[in-house]
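Engineer: Handing you a structure now.
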Amino acid sequence: MQVAPIPALDPDINDVRLATANVVNRYVIPNEERLAYSHPDRPRLAEEVRDAVKKAGLWAPHLPREYGGMGIGFMKHAYMNEILAWSPYSNALFGVVAPDSGNQTILIKYGTDEQKKRWLEPLIRGEIRSCFSMTEPDAPGSNPYAIQTRARRDGDEWVINGRKWFTSGARGAAFAIVMCRTEEADGAGGTREKMTQIIVPTDTPGFNIVRTVPVWGHDSNHCEIVYDNVRVPLTNQLGRTGTGHQAAQDRLGAGRVFHCMNCVGQMWRAFDLMVRRSIDREVHGGRLETKQFIQGFIADSYIDIQAARLMTIHTAEVIDRGGDSRTDISAIKIFVPAALERVVDRAIQIHGAMGVSGDTPLAGMYTGARTLRIADGPDEVHRIVIAKNVLKRYHDGMSWDFGV
Ligand SMILES: Cc1cc2nc3c(=O)[nH]c(=O)nc-3n(C[C@H](O)[C@H](O)[C@H](O)COP(=O)(O)OP(=O)(O)OC[C@H]3O[C@@H](n4cnc5c(N)ncnc54)[C@H](O)[C@@H]3O)c2cc1C
């Protein structure tokens with residue numbers, strides 16, 4: 001990957017971006033085959049790369065310094081992500097593993113000292129793993145107020161009953177952060193104040209993983225879990241009772257910019273593979289690069305990447321200056337994964353059979369892009385948000401200003 005400093009950017013951001021590119025170029029991309037999780041060299045090699053990452057001061061960009069992270073703040077992290085995403089292996093090697101990274105951020109913000117000691121610190125040290133359990137098979141995940149899993153107070157304990165699925169990483173996790181209804185729909189408080197996030201150790205009686213849900217035809221660690229009279233102390237709740245939604249929003253808002261910068265990095269890699277392949281591959285009557293169909297793929301992908309990248313950076317800038325970013329966040333959440341899907345689709349087509357093989361990262365990028373259009377709020381829900389915000393301004397006697 002070739003990255004030069006961006007002239008208009010803060011020098012600190014350029015430094016982080018270039019240092020990240022150095023490590024990814026030198027240690028990650030050339031070793032992708034041996035970094036595959038099934039390869040015997042993986043454990044030793046991953047350790048070496050992690051050491052190099054730590055030496056370069058690039059470990060855990062999402063964590064504050066006092067927790068051993070980079071403490072770099074939002075913009076630097078966003079720009080770092082477009083570089084990290086060049087390889088599907090980078091994130092774990094740089095100390096950012098979902099859903100642990102999101103849970104760490106939530107525990108830092110909402111956790112008590114005791115919760116931090118018991119859950120956050122071993123999670124950061126990599127001694128345990130965690131999961132986030134919100135979506136349910138019998139309620140629409142796209143409606144955050146529809147959750148049915150109920151936590152009832154009994155003395156000094158919460159008693160949790162319900163069924164969740166797509167709890168990523170649950171098998172092998174030490175604890176789940178579980179989104180629970182702590183007040184019925186017609187109970188006290190507004191719609192938003194009826195949910196609470198509760199920490200449930202996975203060895204608690206009644207925490208039953210009933211299956212791992214296959215995804216894209218493959219085994220996965222996205223689990224279906226029955227919570228059957230699971231009892232945990234009241235002190236396991238995160239934040240005040242009824243703040244579950246706010247905590248979930250914290251997880252998603254800025255996180256969507258990180259996901260989108262991640263998509264941009266993947267598109268960039270796919271583009272690079274596409275162009276190189278078009279130069280190298282001889283087909284009937286000449287190299288791929290000489291065919292207008294293929295030139296069209298390259299040009300359309302260039303346009304998709306530029307549009308996706310600039311839109312994401314604009315959104316990051318609005319968030320960074322404390323502006324109202326809700327419409328832009330929804331816009332990138334729709335546009336960027338769809339652009340990624342288009343770019344990767346073209347890259348796969350140019351590679352022929354190799355494109356759907358495991359010999360390039362393209363197949364993984366493709367299913368990932370398609371999945372992203374559902375996870376983290378499906379496209380339709382974000383379209384509704386955009387239209388609602390735009391129409392509200394017009395109803396309030398204003399029009400939309402694209403300049404802010
Ligand atoms: C690989 C993967 C990993 C995941 N990991 C986790 C995890 O770790 N923890 C967790 O809690 N969840 C996780 N999820 C779940 C994810 O967050 C949900 O799938 C998502 O929120 C959508 O919810 P749903 O699947 O219930 O779809 P539904 O809410 O049933 O929506 C289905 C479809 O209906 C349409 N739709 C919805 N609302 C509207 C509307 N108002 N107007 C028009 N159309 C609409 C959309 O097309 C949508 O795709 C994961 C999902 C996947 C695929």
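By order of appearance in the structure tokens: chains A, B, ..., then residues from 1 within every chain, and ligands from 1 in the order shown.
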If we count only C-alpha atoms, what is near Thr315 (chain A) at a cut-off of 7 Å, once residues fewer than 5 positions away on the same chain are taken out, given as a ChimeraX atom specification?

Structural biologist: /A:325,328-329

Engineer: Which chains and residue numbers are within 7 Å of ligand 1, counting only C-alpha atoms and all ligand atoms, if I want them as a ChimeraX atom specification?

Structural biologist: /A:99,131-137,139-143,165-168,215,222,371,374-381

Engineer: Determine which residues of region 47-231 of chain A receive a DSSP assignment of strand (DSSP E or B), computed from the backbone, and state them as a PDB file with C-alpha atoms, in the first residue's frame.

Structural biologist:
ATOM      1  CA  SER A 130     -16.658 -11.322  26.109  1.00  0.00           C
ATOM      2  CA  CYS A 131     -19.811 -10.962  24.016  1.00  0.00           C
ATOM      3  CA  PHE A 132     -22.712  -8.558  23.546  1.00  0.00           C
ATOM      4  CA  SER A 133     -26.192 -10.078  23.666  1.00  0.00           C
ATOM      5  CA  ARG A 150     -36.860  -9.526  30.899  1.00  0.00           C
ATOM      6  CA  ALA A 151     -34.789  -8.814  34.003  1.00  0.00           C
ATOM      7  CA  ARG A 152     -36.872  -8.854  37.193  1.00  0.00           C
ATOM      8  CA  ARG A 153     -35.597  -7.609  40.534  1.00  0.00           C
ATOM      9  CA  ASP A 154     -35.649 -10.216  43.320  1.00  0.00           C
ATOM     10  CA  GLU A 157     -30.493  -9.980  42.409  1.00  0.00           C
ATOM     11  CA  TRP A 158     -31.633  -9.573  38.799  1.00  0.00           C
ATOM     12  CA  VAL A 159     -33.434 -12.638  37.419  1.00  0.00           C
ATOM     13  CA  ILE A 160     -33.137 -12.774  33.632  1.00  0.00           C
ATOM     14  CA  ASN A 161     -35.353 -14.743  31.243  1.00  0.00           C
ATOM     15  CA  GLY A 162     -35.305 -14.612  27.451  1.00  0.00           C
ATOM     16  CA  ARG A 163     -33.804 -15.859  24.214  1.00  0.00           C
ATOM     17  CA  LYS A 164     -31.063 -14.092  22.231  1.00  0.00           C
ATOM     18  CA  TRP A 165     -29.313 -14.973  19.000  1.00  0.00           C
ATOM     19  CA  PHE A 166     -26.403 -13.738  16.937  1.00  0.00           C
ATOM     20  CA  THR A 167     -24.482 -13.143  20.154  1.00  0.00           C
ATOM     21  CA  SER A 168     -21.076 -13.071  18.458  1.00  0.00           C
ATOM     22  CA  PHE A 175     -19.179 -12.868  30.290  1.00  0.00           C
ATOM     23  CA  ALA A 176     -21.976 -11.397  28.225  1.00  0.00           C
ATOM     24  CA  ILE A 177     -23.302  -7.870  28.379  1.00  0.00           C
ATOM     25  CA  VAL A 178     -27.028  -8.541  28.036  1.00  0.00           C
ATOM     26  CA  MET A 179     -29.612  -5.968  26.990  1.00  0.00           C
ATOM     27  CA  CYS A 180     -32.674  -6.565  29.179  1.00  0.00           C
ATOM     28  CA  ARG A 181     -36.094  -5.035  29.568  1.00  0.00           C
ATOM     29  CA  MET A 195     -33.797  -1.191  29.105  1.00  0.00           C
ATOM     30  CA  THR A 196     -30.712  -1.923  31.149  1.00  0.00           C
ATOM     31  CA  GLN A 197     -27.466  -3.676  30.247  1.00  0.00           C
ATOM     32  CA  ILE A 198     -26.455  -6.360  32.718  1.00  0.00           C
ATOM     33  CA  ILE A 199     -23.196  -8.298  32.974  1.00  0.00           C
ATOM     34  CA  VAL A 200     -23.817 -12.044  33.032  1.00  0.00           C
ATOM     35  CA  PRO A 201     -20.885 -14.415  33.652  1.00  0.00           C
ATOM     36  CA  PHE A 207     -27.024 -19.328  30.736  1.00  0.00           C
ATOM     37  CA  ASN A 208     -27.486 -21.926  28.012  1.00  0.00           C
ATOM     38  CA  ILE A 209     -25.944 -21.729  24.548  1.00  0.00           C
ATOM     39  CA  VAL A 210     -28.399 -23.803  22.524  1.00  0.00           C
ATOM     40  CA  ARG A 211     -26.542 -23.583  19.189  1.00  0.00           C
ATOM     41  CA  THR A 212     -24.088 -21.672  17.087  1.00  0.00           C
ATOM     42  CA  VAL A 215     -23.515 -17.854   8.759  1.00  0.00           C
ATOM     43  CA  HIS A 218     -20.239 -21.931   7.550  1.00  0.00           C
ATOM     44  CA  HIS A 222     -22.673 -16.334  16.566  1.00  0.00           C
ATOM     45  CA  CYS A 223     -24.710 -18.057  19.267  1.00  0.00           C
ATOM     46  CA  GLU A 224     -28.320 -18.590  20.184  1.00  0.00           C
ATOM     47  CA  ILE A 225     -28.662 -18.374  23.963  1.00  0.00           C
ATOM     48  CA  VAL A 226     -31.512 -19.136  26.313  1.00  0.00           C
ATOM     49  CA  TYR A 227     -31.453 -17.168  29.559  1.00  0.00           C
ATOM     50  CA  ASP A 228     -33.411 -19.359  31.935  1.00  0.00           C
ATOM     51  CA  ASN A 229     -33.885 -17.778  35.366  1.00  0.00           C
ATOM     52  CA  VAL A 230     -30.321 -16.465  35.273  1.00  0.00           C
ATOM     53  CA  ARG A 231     -29.554 -14.821  38.632  1.00  0.00           C
TER      54      ARG A 231
END

Engineer: Tell me, as a PyMOL selection string, which residues lie within 10 Å of region 259-268 of chain A, counting only C-alpha atoms; anything in the same chain fewer than 6 positions away does not count.

Structural biologist: chain A and resi 1+77-88+91+252+274+301-302+304-313+316+329+332-344+347+361-362+365-366+368-369+372+376

Engineer: For the selection just defined, write its residues with C-alpha atoms to a file, as an mmCIF file, in the first residue's frame.

Structural biologist:
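Listing of result05.cif after writing:
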data_model
loop_
_atom_site.group_PDB
_atom_site.id
_atom_site.type_symbol
_atom_site.label_atom_id
_atom_site.label_comp_id
_atom_site.auth_asym_id
_atom_site.auth_seq_id
_atom_site.Cartn_x
_atom_site.Cartn_y
_atom_site.Cartn_z
ATOM 1 C CA MET A 1 0.000 0.000 0.000
ATOM 2 C CA HIS A 77 -8.551 6.317 15.134
ATOM 3 C CA ALA A 78 -10.855 6.850 12.132
ATOM 4 C CA TYR A 79 -7.920 7.533 9.794
ATOM 5 C CA MET A 80 -5.990 4.603 11.251
ATOM 6 C CA ASN A 81 -8.868 2.269 10.407
ATOM 7 C CA GLU A 82 -8.674 2.812 6.655
ATOM 8 C CA ILE A 83 -5.098 1.561 6.810
ATOM 9 C CA LEU A 84 -5.731 -1.312 9.216
ATOM 10 C CA ALA A 85 -8.540 -2.624 7.026
ATOM 11 C CA TRP A 86 -6.140 -3.439 4.205
ATOM 12 C CA SER A 87 -5.757 -6.810 5.855
ATOM 13 C CA PRO A 88 -8.478 -8.865 7.555
ATOM 14 C CA ASN A 91 -7.415 -5.492 13.867
ATOM 15 C CA LEU A 252 -23.045 2.417 17.637
ATOM 16 C CA MET A 274 -8.301 -5.442 -9.138
ATOM 17 C CA SER A 301 -14.686 1.526 -8.367
ATOM 18 C CA TYR A 302 -12.532 4.653 -8.198
ATOM 19 C CA ASP A 304 -17.277 4.521 -5.381
ATOM 20 C CA ILE A 305 -14.179 4.689 -3.185
ATOM 21 C CA GLN A 306 -13.708 8.450 -3.463
ATOM 22 C CA ALA A 307 -17.394 9.087 -2.732
ATOM 23 C CA ALA A 308 -17.463 6.659 0.218
ATOM 24 C CA ARG A 309 -14.229 7.982 1.682
ATOM 25 C CA LEU A 310 -15.106 11.675 1.437
ATOM 26 C CA MET A 311 -18.581 11.070 2.844
ATOM 27 C CA THR A 312 -17.129 9.177 5.798
ATOM 28 C CA ILE A 313 -14.454 11.786 6.488
ATOM 29 C CA ALA A 316 -16.171 12.141 11.136
ATOM 30 C CA ILE A 329 -24.092 8.694 10.077
ATOM 31 C CA ILE A 332 -22.669 6.508 5.366
ATOM 32 C CA LYS A 333 -24.098 3.416 7.055
ATOM 33 C CA ILE A 334 -26.141 2.855 3.875
ATOM 34 C CA PHE A 335 -23.780 4.088 1.171
ATOM 35 C CA VAL A 336 -20.394 2.803 2.277
ATOM 36 C CA PRO A 337 -21.090 -0.935 2.816
ATOM 37 C CA ALA A 338 -23.062 -0.939 -0.463
ATOM 38 C CA ALA A 339 -20.116 0.717 -2.250
ATOM 39 C CA LEU A 340 -17.802 -1.866 -0.682
ATOM 40 C CA GLU A 341 -20.065 -4.617 -1.981
ATOM 41 C CA ARG A 342 -19.954 -3.141 -5.514
ATOM 42 C CA VAL A 343 -16.181 -2.654 -5.546
ATOM 43 C CA VAL A 344 -15.459 -6.126 -4.171
ATOM 44 C CA ALA A 347 -12.703 -7.205 -8.059
ATOM 45 C CA PRO A 361 -9.263 -11.620 0.934
ATOM 46 C CA LEU A 362 -12.032 -10.771 -1.564
ATOM 47 C CA MET A 365 -14.847 -8.943 2.152
ATOM 48 C CA TYR A 366 -17.860 -9.701 -0.016
ATOM 49 C CA GLY A 368 -18.766 -9.101 5.231
ATOM 50 C CA ALA A 369 -20.085 -6.200 3.123
ATOM 51 C CA LEU A 372 -23.007 -5.083 7.183
ATOM 52 C CA ASP A 376 -25.745 -2.304 13.008
#

Engineer: How many Å lie between CA of Ile350 (chain A) and CA of Arg26 (chain A), rounded to one decimal?

Structural biologist: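 Going from CA of Ile350 (chain A) over to CA of Arg26 (chain A), I get 26.6 Å.
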
Engineer: Which is closer to Arg269 (chain A) than all the others in A:Thr360, A:Gln148, A:Thr327, A:Asn14, using only C-alpha atoms?

Structural biologist: A:Thr360

Engineer: So, with only C-alpha atoms as the atoms that count, which of A:Ala174, A:His351, A:Gly206, A:Arg192 lies closest to Gly126 (chain A)?

Structural biologist: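 The closest residue to Gly126 (chain A) is A:Ala174.
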
Engineer: Calculate how many Å separate CA of Arg171 (chain A) from CA of Ala92 (chain A), rounding to one decimal.

Structural biologist: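 Calculated distance between CA of Arg171 (chain A) and CA of Ala92 (chain A) is 17.9 Å.
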